[in-house]
Every structure is written in structure tokens, then in C-alpha cells.
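Novice: Would you mind keeping the following structure in view while I ask a few things?
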Amino acid sequence: MSTTTRGTGTPPPSPPSPPPPSGPARLGALDALLGDPDDPGNPVGRAAVLDADERGEMLAAGEDALHAYGLHAEFVPAGLGGRLTRLDHLVDVMRAVYRRDPCLGLGHGAASFIAAVNIWTVGDDRQRAEAARLLRRGGRIAVGYHELAHGNDMARTEFTALPRGDRLVLDGRKEVITNARRADALVLLARTSTAPGSRSHSQVYVPVADVPAGGLTHLPRYRTTGMRGVQLGGLRFDSCPLPATSVLGGTPGRGLETALRSFQITRTTLVSMSVGIVDTALDTTLRHVRNRRLYGRTAADLPHVRSVLTGVHVDLLTADSLATVATRALHLLPGETAIHAQAVKYVVSGILMEAMNRLSGVLGAHFYLREGPSALFQKLLRDIQPVGFGHAARAACQVSLLPQLPLLARRAWRECRTPPAALFAPGEELPPLDFGALALSAGGRESLSTSIAAGLAELPDGGGTAYGLLRAHAERFAREPARLAEACAALDPGELSVAASPYAYDLTTRYTTLLTAAACFGMWSWARRTGVPELSEPDWAAAALHRLSTPRGAAARALPRPLEDALWERLVERHRTGGGYTLLPRASRHSADAEGRNP
């Protein structure tokens, strides 16, 4: 163990230069800083990323580039001098980082955002201003919610920040904290009263420079299989005095409530950022199969390979649909996002991890090679795993949804409210984000799941295989709220906790699948009305709903051949142009074919 009174993450002294103000221009500036990933001489290219991973270190050149870009200013609300006006723009920027190196995405970026959201949610003016200054100059903030002895049960926190005179005295341990040793400030969940109940917990804001000598001990680093460069550590405080004003927001007792509100933002956006990992993995796999020759032709010519890769692309579009809708809902429907955040964590993380597993099957023995053209894949496969358990396991999200099902049966699935059209319109304007409007519970109000019925009237008659398949599945999903309402209204109170039966857990799966289908259908309907190229075609939406209709535990349903062929051709075109594989293609300076890498 080593003892310190200061964080070791002090940023470079020169402040970052501000990039252009618009979202697309900022992405262009970031892309230029990161450079060509395939250039072996690029200090932030794939070769350098892999070398840093082998050493278990953060990529220093990558951190320098992101500091020059001023990445941490993306996490600061515009009213505090930062660039954060829209969470979907933040996700776009962070996906670019995750596509290059997930360790940079989490370790240099998102970890500070997770901590900062708590400060923006309840911090007082002084705390917000101080945190904003720290982040704008490139500093880091770490957050300590959990303790290994209690897992996700934060109400059993043993770490204390108890009042003693006009001071708070910190005692105890916090473990598995990203950037624990490198942080310039900490946000810690602590027990501020010995009385029972949730109001005995608070969050405290701790500038590391203010910690007196001997008050803080850094515990040894945890080594991990994935995200090797991310520094996970622990902290131990021993009778460490701090000002009573260290309580976040100044009012004790709001720690758990603040965490639950903040999780709605971080669970939604961090999972959405991780879509960038699968985007790169799919590109890596496509490059491999288009260059690998088997039986006198390329692997990409094999029907099974095409089927798997097309299915992964459809699933990535499906995941992006729910993640995008849920991210926009944080601005448009903050009273409902207590549900959306759980659904994104459960559904999208599962889709992403399963997609990586299927891609590894296509790569075969190449998926674990640490050298060669496909070497990045094995790192991405390891790095994707925390998306399923970071801050909350997927099963914990199901437990959180269970008690809301009877309320939804009595209200949402009978009222059938219509969500705002802007919910399904990526790129369109959004109202300002109101951190204080996030509700602890949706209270039975939720409008996404019943939105499919309203859109059915817009479906044209006929139209070929894609339209027919889309209509059939949309009609089935439109009937699902009524079926769910009947099943959920009859649930025994004993089925609404962690001790619920598999049947009750399956109801949460059915519900989150319905939300996902509604997001896909709504996104397609908006694109069709507005004429968005490619996204307005019915094939991807038909394929998405077709795969979502697969019975739980069964292999994904095969797509009709004409539909699969059309989607494969579009996938190859995305690969050729370097436009990525999410809903809206991105501009790229690195076309694979232009560089002569594909036949």
C-alpha cells in the first residue's frame, strides 16, 4: 500500500484548445486528431492501441490527443462553460473514442462523466463551478458507489462520513474505482447517519488536494482481463476530517436518490457509447472475411458467413434504435426514463455482447490472435464485457423493472399515450437537459411501448416481402401491451422482488423486447415520413422486428433470402465507404476500398 495526500492525475498545465462549436465539426476535429487507425506510424493507431493493451497501460498518446481536443469539456453543461447541451451529441463524440480504444473511452473519458452527473444533479453552485473548472482544464473526477462486500446493495454501505463538530470524518474503504489513484477529485457515497433507512446516505465531494496527510491510503491496483489499461483501485480513509460543506448539495440524506437519478443518464449513455466497440469489431470481421480465401473464393461468399454478419448488423441497428430513443427521452420524457435506462442496460448490453460472440465464431481461430490484421478483435471482445455488469448487472435491471409492471398494466397499457415525434428523430433539436426533472419512478406512465399501434396506419398496403414482414410483426407487437397487462396485473406481490419466479423475470424480458421493437418501428416511421436515405427503407426494420420475435432461448430466426441479400449488399456498401454500421452513416476519411485493402 502507498499513502498520499494528492491525486496523481493532475492534467497537463496548458488548457486544451476549443474545437469548433457544432457537433459534426467537433467530430471532424476529433477524427483528425486521432488520425488513420491503420497507419502503423500513428501513435494513436491500432498498433499503438494493442501495444498499450499488452502492457496493461493507458495509451499515453491517446490521452494527450483527447486532452488537446478538450474531451472533458464535453461532460460540462454549457451553462458552466462546457460543451454539453445534448446527450446524443455527447454519445456521438464518445463513440468515436470507443471505436478507437474502449480503454480511452472509459478510463480517460466516461469515468469522469459518471462522477460529474451527480454534481450537476444536486451539487450547489460552488461545487458545480469547481468541478466544471477542473474538467474544463482536463482534470479527472472518480466516483465510489460500491463496496465489494455488498455489491449493488448500496443501502448497506459501510463507508462513513459522520459529523463531528463542524467537520465530517471519513472512515472506511471504497473498492474497484476507475482512476482512484489518478483522480483530482472524488464523489463518494457514504453513510452520514447511523440511523436506519435510505436517508442516512449522502454523497460527498472531495478534492484530493484538500485531504490532509495520512487521511487517504491508495490500495493496490486491480488487474483485469478486459479494459487492461483502465486503472481500477481502492481507497481507504482513516479518520479523515473534511468540511461539513463537502456533502454534495449541502443537504444530507439524498445520496441514494441522487445515485438513482444519475444512473438514468449514465446507464443509458454509457451503454450507447459502447455501440462503438461492436462497430469496430464488425468492420474488423468484414475486412477479414473479404480478404480470406477458402475453397477458391472469399469467406464473404459463404452463405452462412453472410447470414451471420447481416444478422449482427441488424442487431446493431436494433440496439442503436433503443439506445438513441432512450437517450433522446432523457431530454423529452424525463419522467419515464427510470424505465428506459433499465431497458437499455438489459437489452442493448445483451445484444452487444451476443453480437461479439457471433463475430468471434465467424473469425474462428483468428478471434484470439494478438498479432496480425484481426488482432484488435480479441481486445474488443474482452473490453465489451463490463457493459453487462458495470454499476449494475443486467439481472439487477430486471429486478428494478419488476415492481413497475403492475403499475404499467393499470396505467400505461390502458391509456396508450403517444410519445412526441421528436423521440424518434436522431439529429433533430432537443430541449435543454433538466437534471432535476428525472423521476425515481415512472409511476406507471410510459408511452413508448404503445406507440406501434398508431404507426400501423402509415404502413402501405402490399410493397413486397419487407413491408409484409414488417406489418405482420408490427401488428403482433401492437397487441403485446394488452397481453402483458393481463399477465402483469395478476402478479402476486411476492413476484415483484429479487425472489421472483422465472415467469415474472420473463415478463420483464417480454416488456423490454416490446420497448425495443417500438423504438425500431418508430425510428423507421420517422425516417419514412422525412425521407432519410437508407433508414427509410423497410428492410432493416422488418428484419429487426423479425429477429426480436424469436422465442426466448431459441436461435435467432433466419431472414427471408431476398431480405437478407438486400441487407448484405447495404452492409458491404457501408464497409466500402467507411460509413460505420449504426443507424446514420458517418463521414469517414478512411474508406477501406480506397486504401486498396479489399478485393
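A note on labels: chains of the C-alpha cells are A, B, ... as shown, every chain counts residues from 1, and ligands are counted from 1 in their shown order.
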Identify, on the basis of only C-alpha atoms, every residue whose closest approach to A:Leu423 does not exceed 10 Å; exclude the query and any residue fewer than 5 positions from it along the same chain; express the result as a list in words.
Specialist: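 Surrounding residues, per the criterion: Thr324, Val325, Ala326, Thr327, Arg328, Ala329, Leu330, His331, Leu332, Leu333, Glu428, Leu430, Leu448, Ala519, Gly522, Met523 and Trp526 of chain A.
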Novice: If you keep C-alpha atoms, can you produce a file of those selected residues as a PDB file, in the first residue's frame?
Specialist:
```pdb
ATOM      1  CA  THR A 324     -30.946   6.517 -29.354  1.00  0.00           C
ATOM      2  CA  VAL A 325     -34.606   6.745 -28.346  1.00  0.00           C
ATOM      3  CA  ALA A 326     -33.742   6.351 -24.659  1.00  0.00           C
ATOM      4  CA  THR A 327     -31.021   8.998 -24.889  1.00  0.00           C
ATOM      5  CA  ARG A 328     -33.418  11.464 -26.501  1.00  0.00           C
ATOM      6  CA  ALA A 329     -36.046  10.577 -23.893  1.00  0.00           C
ATOM      7  CA  LEU A 330     -33.770  11.962 -21.182  1.00  0.00           C
ATOM      8  CA  HIS A 331     -34.489  15.378 -22.713  1.00  0.00           C
ATOM      9  CA  LEU A 332     -38.074  14.777 -23.877  1.00  0.00           C
ATOM     10  CA  LEU A 333     -39.600  12.361 -21.340  1.00  0.00           C
ATOM     11  CA  GLU A 428     -33.315  16.976 -34.641  1.00  0.00           C
ATOM     12  CA  LEU A 430     -33.901  18.764 -28.278  1.00  0.00           C
ATOM     13  CA  LEU A 448     -43.018   4.119 -25.994  1.00  0.00           C
ATOM     14  CA  ALA A 519     -38.064   2.049 -30.866  1.00  0.00           C
ATOM     15  CA  GLY A 522     -40.822   4.457 -34.509  1.00  0.00           C
ATOM     16  CA  MET A 523     -37.394   5.219 -35.941  1.00  0.00           C
ATOM     17  CA  TRP A 526     -39.975   8.856 -38.743  1.00  0.00           C
TER      18      TRP A 526
END
```
Novice: Excluding A:Leu363 and residues on its chain fewer than 5 positions from it, collect all residues at most 9 Å away from it, counting only C-alpha atoms, and give them as a ChimeraX atom specification.
Specialist: /A:285,288-289,358,368,374
Novice: Go ahead and write the selection's residues with N, CA and C atoms as an mmCIF file, in the first residue's frame.
Specialist:
```cif
data_model
loop_
_atom_site.group_PDB
_atom_site.id
_atom_site.type_symbol
_atom_site.label_atom_id
_atom_site.label_comp_id
_atom_site.auth_asym_id
_atom_site.auth_seq_id
_atom_site.Cartn_x
_atom_site.Cartn_y
_atom_site.Cartn_z
ATOM 1 N N THR A 285 -14.170 -7.738 -38.696
ATOM 2 C CA THR A 285 -14.587 -9.049 -39.192
ATOM 3 C C THR A 285 -14.882 -9.006 -40.679
ATOM 4 N N HIS A 288 -11.743 -9.089 -42.583
ATOM 5 C CA HIS A 288 -11.151 -10.425 -42.575
ATOM 6 C C HIS A 288 -11.818 -11.337 -43.595
ATOM 7 N N VAL A 289 -13.151 -11.403 -43.577
ATOM 8 C CA VAL A 289 -13.829 -12.371 -44.451
ATOM 9 C C VAL A 289 -13.748 -11.956 -45.911
ATOM 10 N N ARG A 358 -20.956 -13.880 -31.702
ATOM 11 C CA ARG A 358 -21.227 -14.418 -33.036
ATOM 12 C C ARG A 358 -20.119 -14.024 -34.014
ATOM 13 N N TYR A 368 -8.788 -14.891 -31.449
ATOM 14 C CA TYR A 368 -7.980 -14.707 -30.240
ATOM 15 C C TYR A 368 -6.526 -14.394 -30.529
ATOM 16 N N SER A 374 -6.326 -8.955 -37.696
ATOM 17 C CA SER A 374 -7.528 -9.057 -36.862
ATOM 18 C C SER A 374 -7.213 -9.003 -35.374
#
```
Novice: Looking at A:Val347, A:Leu71, A:Ala454, A:Leu359, which one is nearest to A:Arg306, with distances taken over only C-alpha atoms?
Specialist: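 Checking each candidate against A:Arg306, we get A:Leu359 as the closest.
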Novice: Just checking: using only C-alpha atoms, which residue out of A:Glu147, A:Asp279, A:Glu371, A:Glu354 ends up closest to A:Arg100?
Specialist: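 That would be A:Asp279, the residue with the smallest distance to A:Arg100.
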Novice: So that I can see what lies close to A:Ala244, please list as a PyMOL selection string the residues with an atom at most 9 Å from it, counting only C-alpha atoms and leaving out residues fewer than 6 positions away in the same chain.
Specialist: chain A and resi 163-169+250
Novice: As a PDB file with N, CA and C atoms, in the first residue's frame, please: the residues near A:Ala489 (cut-off 10 Å, only C-alpha atoms, same-chain neighbours under 2 positions excluded).
Specialist:
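Produced file part-v3.pdb, reproduced below:
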```
ATOM      1  N   LEU A 405     -44.152  -3.267 -13.212  1.00  0.00           N
ATOM      2  CA  LEU A 405     -45.038  -3.931 -14.166  1.00  0.00           C
ATOM      3  C   LEU A 405     -46.519  -3.790 -13.823  1.00  0.00           C
ATOM      4  N   PRO A 406     -46.963  -4.032 -12.568  1.00  0.00           N
ATOM      5  CA  PRO A 406     -48.392  -3.855 -12.270  1.00  0.00           C
ATOM      6  C   PRO A 406     -48.869  -2.419 -12.479  1.00  0.00           C
ATOM      7  N   LEU A 407     -48.007  -1.438 -12.179  1.00  0.00           N
ATOM      8  CA  LEU A 407     -48.375  -0.039 -12.414  1.00  0.00           C
ATOM      9  C   LEU A 407     -48.549   0.230 -13.904  1.00  0.00           C
ATOM     10  N   LEU A 408     -47.663  -0.317 -14.715  1.00  0.00           N
ATOM     11  CA  LEU A 408     -47.792  -0.162 -16.161  1.00  0.00           C
ATOM     12  C   LEU A 408     -49.071  -0.812 -16.666  1.00  0.00           C
ATOM     13  N   ALA A 409     -49.425  -1.960 -16.095  1.00  0.00           N
ATOM     14  CA  ALA A 409     -50.653  -2.653 -16.501  1.00  0.00           C
ATOM     15  C   ALA A 409     -51.887  -1.809 -16.222  1.00  0.00           C
ATOM     16  N   ARG A 410     -51.866  -1.076 -15.107  1.00  0.00           N
ATOM     17  CA  ARG A 410     -53.040  -0.292 -14.731  1.00  0.00           C
ATOM     18  C   ARG A 410     -53.102   1.056 -15.442  1.00  0.00           C
ATOM     19  N   LEU A 484     -49.558  -8.250 -22.058  1.00  0.00           N
ATOM     20  CA  LEU A 484     -48.726  -8.006 -20.883  1.00  0.00           C
ATOM     21  C   LEU A 484     -49.550  -7.460 -19.720  1.00  0.00           C
ATOM     22  N   ALA A 485     -50.484  -6.586 -20.031  1.00  0.00           N
ATOM     23  CA  ALA A 485     -51.320  -6.002 -18.969  1.00  0.00           C
ATOM     24  C   ALA A 485     -52.084  -7.087 -18.226  1.00  0.00           C
ATOM     25  N   GLU A 486     -52.625  -8.032 -18.953  1.00  0.00           N
ATOM     26  CA  GLU A 486     -53.378  -9.118 -18.320  1.00  0.00           C
ATOM     27  C   GLU A 486     -52.464  -9.954 -17.428  1.00  0.00           C
ATOM     28  N   ALA A 487     -51.264 -10.260 -17.905  1.00  0.00           N
ATOM     29  CA  ALA A 487     -50.349 -11.093 -17.125  1.00  0.00           C
ATOM     30  C   ALA A 487     -49.785 -10.346 -15.922  1.00  0.00           C
ATOM     31  N   LEU A 491     -49.977 -10.433 -11.142  1.00  0.00           N
ATOM     32  CA  LEU A 491     -48.776 -10.830 -10.406  1.00  0.00           C
ATOM     33  C   LEU A 491     -48.991 -10.702  -8.902  1.00  0.00           C
ATOM     34  N   ASP A 492     -48.559 -11.728  -8.188  1.00  0.00           N
ATOM     35  CA  ASP A 492     -48.584 -11.683  -6.726  1.00  0.00           C
ATOM     36  C   ASP A 492     -47.504 -10.719  -6.239  1.00  0.00           C
TER      37      ASP A 492
END
```
Novice: Taking only stretch 361-598 of chain A into account, list the residues labelled alpha helix (DSSP H) by DSSP (computed from the backbone), as a PyMOL selection string.
Specialist: chain A and resi 361-363+375-383+394-401+405-410+412-415+452-456+465-489+502-530+538-548+561-577
